[in-house]
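Student: The structure follows.
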Amino acid sequence: MREEILLGNGAIALGLVEAGCQVVTSYPGTPSSEILPEVVRLVKSEKLDTYVEWSTNEKVAFDNAFAASITGKRAACCMKQVGLNVAADSLMSSAYLGAVGGLLIISADDPGPHSSQTEQDTRFMARLAKVPVLDPSNPQEAREMVGLGLEISEEFRVPVVLRPAIRVCHARQNIAFGKIEKNQSKSVFQKDPMRWAATPRFRLILHGELNKKLDQIGEKFEGLSRYNFHNLQPGTSYPLGIVTGGVPYAVIVDILSEEGRSSDIPVLKIGTPFPFPQKLADEFVSACEKVLVVEETDTLIEYLLRDRHKVLGRLSGHVPKEGELVPGVVHEILNKVLRDLGMEALQEDDTEAAELLKTLNLPVRKPTLCPGCPHRAAFFAIRKTRPKAIFTSDIGCYTLGVNLGAVDTCLDMGAAITMASGFYHAFEQDGVEKPIVATIGDSTFFHSGTAGLLNAVYNGARFILVILDNLTTAMTGMQPTPSLGIRADGSEGKAISLERAVAGCGVDFIEVVDPYNIKEMTQAIKKATQYVSEPQGGVAVIISRHPCLIAYRDEAIPEKKIVTVSDDCEDCNFCIDRFECPALYHDQELGRININRQICSNCGVCVQICPKGAIVEVDES
């Protein structure tokens, strides 16, 4: 045996290879992004032949894993909770069709949300799809549940969802493990069109089969005492009990243990929220006068408890309806309930640290693009050239273009293009020629941009699309995009040119520009503007290409430019308000703008944006 301190996502990866998972696919998205790289690391160190893939989107990842499953191989696909929306069509259908080899869908939730569009609860998506869902409380349990999920999937021939939340994904735990054996299973596809290509008539039959499977899985979950259990004392009744699961379970146990209240406030842990272990829950609730449900992120357990008049939670106003249930919040929830029930409250939290923070008068800094980020230069040129346009954008680092006044909308992956098309047709219907500039990242374009672009070209939309190509998937951890031709394990794949993909969507105007050259960028936008308004015009695409400074430290700025702010600076704040580079700041002592050398990337782009010419390049010596 050996031990490693693993990230929760690393523990999940370990569980996958230990359980003999032969195919693992993913699209990166925080908090799930580290799972696939950890699988790659373990596959290489253990000399396994597991197939790994960064897929172009979550549906693609799901379908690849599903295909492997119905050949009898164990397979998994990994994504974040909003990524499951993209794969939802496949998820719903696969529940009816079933699985052969174990099929595990890992969907990482983001209560908070820390880096997501929504706080949606994957447990509800699993219940909607009628597939079992497992809810781990810590990395070790997540690792164990991977194997359990694959076993259940094979036993009942149904996909299974594992739902780790962000505090499981990004926690660290000491994990012991031994030699990992290679799974020798071979692919065999048994043709059965009435199942794998089932028509609506047979889908009705498959739905009936699925419902029977869920009843059987529910019975199995009742006996899973390792993940579903309580600490009731036989014959004892309690004024209050707590029903919980996932990360809130770990928080609840810690608080009660520290307060010495573990014996007088019993806890029911639900590790398999669907199918719900109803008998165990009924047994627990019957022993308590009131039960408090503490769960993230929504009200699944609260809805499933039968004895509604005993239940306290979100619906009763005792638990916040949004936000992460961090320890301080849970502490407040418990005290509110205890006081309402006339019970002894917990000790108040130590507020000394919080009070100290207030005295420090720390500045509040909003998220911003990195110093030297090429997207900043692109946004500056866009707003300078088309200041009255509607700016539709997308999911990625570049959403922070909102700080530069160059992002008006951000709905979901790919919506920069589809909303630009929608805006065009809405205004065109009124006879109004409204300028529209859409911005989307290179990875996001491959993920979900092509269908929208095809639709826009086909239906005669007219707008400028700027594809912000920084040669990586920067926001989620520098994963390669299809244009690089680098696969998940570092091996060579076939590079897919952005230019060819755009041309294949029917676009006739394509310009490639380095946004560091703001003059050329603005000229390209002017040319695109003219094309869009011409009788034979349409969608104009500008590929704004410059390497990400984090992913390509040497290549991104091959020639460093040392700049300074001269005495000609009139402190107009144009560079801060319109360019917003964090390396530029107002120096109180000098009474003008200055440069923070510690974070300046020496890109020199700011020289091009000062209206007074006060930012100048100097000799490095």
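Every chain in the structure tokens takes a letter, A first, then B, and so on in the order presented; its residues are numbered from 1, and the ligands are numbered from 1 following the presented order.
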Might you pull out every residue within 8 Å of Ala61 in chain A, with only C-alpha atoms counted and same-chain residues fewer than 4 positions away left off, and present them as a list in words?

Tutor: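 Once the adjacent positions are removed, what remains is Thr25, Ser26, Tyr27, Glu53, Trp54, Ser55, Thr56, Asn57, Ala65, Cys77 and Cys78 of chain A.
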
Student: Take the residues that were just selected and, keeping C-alpha atoms, output them as an mmCIF file, in the first residue's frame.

Tutor:
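Output below, filename again.cif:
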```
data_model
loop_
_atom_site.group_PDB
_atom_site.id
_atom_site.type_symbol
_atom_site.label_atom_id
_atom_site.label_comp_id
_atom_site.auth_asym_id
_atom_site.auth_seq_id
_atom_site.Cartn_x
_atom_site.Cartn_y
_atom_site.Cartn_z
ATOM 1 C CA THR A 25 -14.278 11.353 -21.365
ATOM 2 C CA SER A 26 -14.747 14.940 -20.224
ATOM 3 C CA TYR A 27 -15.216 18.572 -21.127
ATOM 4 C CA GLU A 53 -10.503 12.134 -24.117
ATOM 5 C CA TRP A 54 -11.091 15.858 -23.888
ATOM 6 C CA SER A 55 -14.322 15.948 -25.846
ATOM 7 C CA THR A 56 -15.529 19.033 -27.706
ATOM 8 C CA ASN A 57 -18.552 19.331 -25.392
ATOM 9 C CA ALA A 65 -18.878 6.951 -22.877
ATOM 10 C CA CYS A 77 -17.895 11.001 -18.428
ATOM 11 C CA CYS A 78 -17.038 14.033 -16.278
#
```

Student: Could you make a table, as CSV, of the residues of range 22-71 of chain A that have an atom within 12 Å of an atom of range 195-219 of chain A, each with its nearest atom pair and distance in Å to one decimal, counting only C-alpha atoms, in chain and number order?

Tutor:
```
residue,atom,partner,partner_atom,distance
A:Phe66,CA,A:Trp196,CA,11.0
A:Ala67,CA,A:Trp196,CA,10.2
A:Ser69,CA,A:Trp196,CA,12.0
A:Ile70,CA,A:Trp196,CA,8.8
A:Thr71,CA,A:Trp196,CA,11.5
```

Student: Would you mind telling me which residue in A:His170, A:Lys44, A:Lys179, A:Arg306 lies nearest to Leu6 in chain A when using only C-alpha atoms?

Tutor: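 Counting only C-alpha atoms, the residue closest to Leu6 in chain A is A:His170.
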
Student: Mind running range 317-421 of chain A against range 221-243 of chain A at 12 Å and telling me each contacting residue's nearest atom pair with the distance in Å (one decimal), counting only C-alpha atoms, chain and number ascending, as CSV?

Tutor:
```
residue,atom,partner,partner_atom,distance
A:Val330,CA,A:Ile242,CA,11.7
A:Ile333,CA,A:Ile242,CA,11.4
A:Leu334,CA,A:Ile242,CA,9.5
A:Val337,CA,A:Leu240,CA,9.0
A:Leu338,CA,A:Leu240,CA,8.3
A:Arg339,CA,A:Leu240,CA,11.6
A:Asp340,CA,A:Leu240,CA,11.1
A:Leu341,CA,A:Pro239,CA,8.1
A:Gly342,CA,A:Pro239,CA,9.8
A:Met343,CA,A:Pro239,CA,8.6
A:Glu344,CA,A:Leu240,CA,11.5
```

Student: With N, CA and C atoms retained, export the selected residues as a PDB file, in the first residue's frame.

Tutor:
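For reference, part37.pdb as written:
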```pdb
ATOM      1  N   VAL A 330     -24.220  27.336   8.429  1.00  0.00           N
ATOM      2  CA  VAL A 330     -24.848  26.188   9.087  1.00  0.00           C
ATOM      3  C   VAL A 330     -24.977  26.443  10.588  1.00  0.00           C
ATOM      4  N   ILE A 333     -27.943  28.585  11.106  1.00  0.00           N
ATOM      5  CA  ILE A 333     -29.173  27.808  10.881  1.00  0.00           C
ATOM      6  C   ILE A 333     -29.522  26.997  12.128  1.00  0.00           C
ATOM      7  N   LEU A 334     -28.527  26.287  12.655  1.00  0.00           N
ATOM      8  CA  LEU A 334     -28.761  25.446  13.831  1.00  0.00           C
ATOM      9  C   LEU A 334     -29.222  26.283  15.016  1.00  0.00           C
ATOM     10  N   VAL A 337     -32.890  27.401  14.660  1.00  0.00           N
ATOM     11  CA  VAL A 337     -33.833  26.303  14.913  1.00  0.00           C
ATOM     12  C   VAL A 337     -33.887  25.965  16.399  1.00  0.00           C
ATOM     13  N   LEU A 338     -32.715  25.873  17.027  1.00  0.00           N
ATOM     14  CA  LEU A 338     -32.673  25.534  18.460  1.00  0.00           C
ATOM     15  C   LEU A 338     -33.424  26.575  19.288  1.00  0.00           C
ATOM     16  N   ARG A 339     -33.260  27.849  18.975  1.00  0.00           N
ATOM     17  CA  ARG A 339     -33.963  28.901  19.718  1.00  0.00           C
ATOM     18  C   ARG A 339     -35.468  28.830  19.460  1.00  0.00           C
ATOM     19  N   ASP A 340     -35.858  28.585  18.199  1.00  0.00           N
ATOM     20  CA  ASP A 340     -37.281  28.486  17.869  1.00  0.00           C
ATOM     21  C   ASP A 340     -37.948  27.335  18.618  1.00  0.00           C
ATOM     22  N   LEU A 341     -37.192  26.271  18.891  1.00  0.00           N
ATOM     23  CA  LEU A 341     -37.739  25.098  19.581  1.00  0.00           C
ATOM     24  C   LEU A 341     -37.539  25.165  21.096  1.00  0.00           C
ATOM     25  N   GLY A 342     -36.970  26.266  21.583  1.00  0.00           N
ATOM     26  CA  GLY A 342     -36.747  26.416  23.016  1.00  0.00           C
ATOM     27  C   GLY A 342     -35.642  25.534  23.553  1.00  0.00           C
ATOM     28  N   MET A 343     -34.719  25.131  22.702  1.00  0.00           N
ATOM     29  CA  MET A 343     -33.599  24.279  23.106  1.00  0.00           C
ATOM     30  C   MET A 343     -32.343  25.123  23.340  1.00  0.00           C
ATOM     31  N   GLU A 344     -31.380  24.542  24.005  1.00  0.00           N
ATOM     32  CA  GLU A 344     -30.134  25.245  24.282  1.00  0.00           C
ATOM     33  C   GLU A 344     -29.390  25.516  22.985  1.00  0.00           C
TER      34      GLU A 344
END
```

Student: What are the DSSP alpha helix (DSSP H) residues of range 484-553 of chain A, as a PyMOL selection string?

Tutor: chain A and resi 498-504+518-533

Student: Go through A:Gly477, A:Pro515, A:Pro611, A:Gly414 one by one, measure the shortest atom-to-atom distance of each to Cys397 in chain A using only C-alpha atoms, and give the residue with the smallest value.

Tutor: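 Once distances to Cys397 in chain A are computed over only C-alpha atoms, the minimum belongs to A:Gly477.
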
Student: Please provide as a PDB file with N, CA and C atoms, in the first residue's frame all residues within 7 Å of Pro374 in chain A, with the sequence filter that same-chain residues fewer than 4 positions apart are discarded (counting only C-alpha atoms).

Tutor:
```pdb
ATOM      1  N   ALA A 378      -8.257  43.283 -27.507  1.00  0.00           N
ATOM      2  CA  ALA A 378      -9.341  43.065 -28.471  1.00  0.00           C
ATOM      3  C   ALA A 378     -10.589  43.842 -28.057  1.00  0.00           C
ATOM      4  N   PRO A 515      -4.398  40.906 -31.693  1.00  0.00           N
ATOM      5  CA  PRO A 515      -5.002  42.068 -31.017  1.00  0.00           C
ATOM      6  C   PRO A 515      -3.987  42.978 -30.346  1.00  0.00           C
ATOM      7  N   TYR A 516      -2.766  42.504 -30.132  1.00  0.00           N
ATOM      8  CA  TYR A 516      -1.735  43.378 -29.577  1.00  0.00           C
ATOM      9  C   TYR A 516      -1.487  44.583 -30.486  1.00  0.00           C
ATOM     10  N   HIS A 546      -3.831  35.494 -30.247  1.00  0.00           N
ATOM     11  CA  HIS A 546      -2.596  35.763 -29.507  1.00  0.00           C
ATOM     12  C   HIS A 546      -2.549  34.791 -28.343  1.00  0.00           C
TER      13      HIS A 546
END
```

Student: Take CA of Arg127 in chain A and CA of Gln278 in chain A and report the distance between them in Å, one decimal.

Tutor: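 If I compute the distance from CA of Arg127 in chain A to CA of Gln278 in chain A, I get 14.7 Å.
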
Student: Using DSSP on the backbone coordinates, identify the residues of range 127-282 of chain A assigned to strand (DSSP E); present them as a list in words.

Tutor: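 Here are the strand (DSSP E) residues of range 127-282 of chain A: Val133, Leu134, Val160, Val161, Leu162, Arg172, Gln173, Asn174, Ile175, Ala176, Phe177, Asn228, Phe229, His230, Tyr238, Pro239, Leu240, Gly241, Ile242, Val243, Thr244, Val267, Leu268, Lys269 and Ile270 of chain A.
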
Student: Select, from A:Leu305, A:Ala75, A:Ala108, A:Ala488, the residue with the minimum atom-to-atom distance to Thr30 in chain A, counting only C-alpha atoms.

Tutor: A:Ala108

Student: With distances taken over only C-alpha atoms, which residue among A:Asp577, A:Glu258, A:Asp571, A:Val131 lies nearest Ile615 in chain A?

Tutor: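 Looking at the shortest contact to Ile615 in chain A, the residue is A:Asp571.
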
Student: Could you jot down the CA of Arg487 in chain A to CA of Val512 in chain A separation for me, Å, one decimal place?

Tutor: 24.7 Å
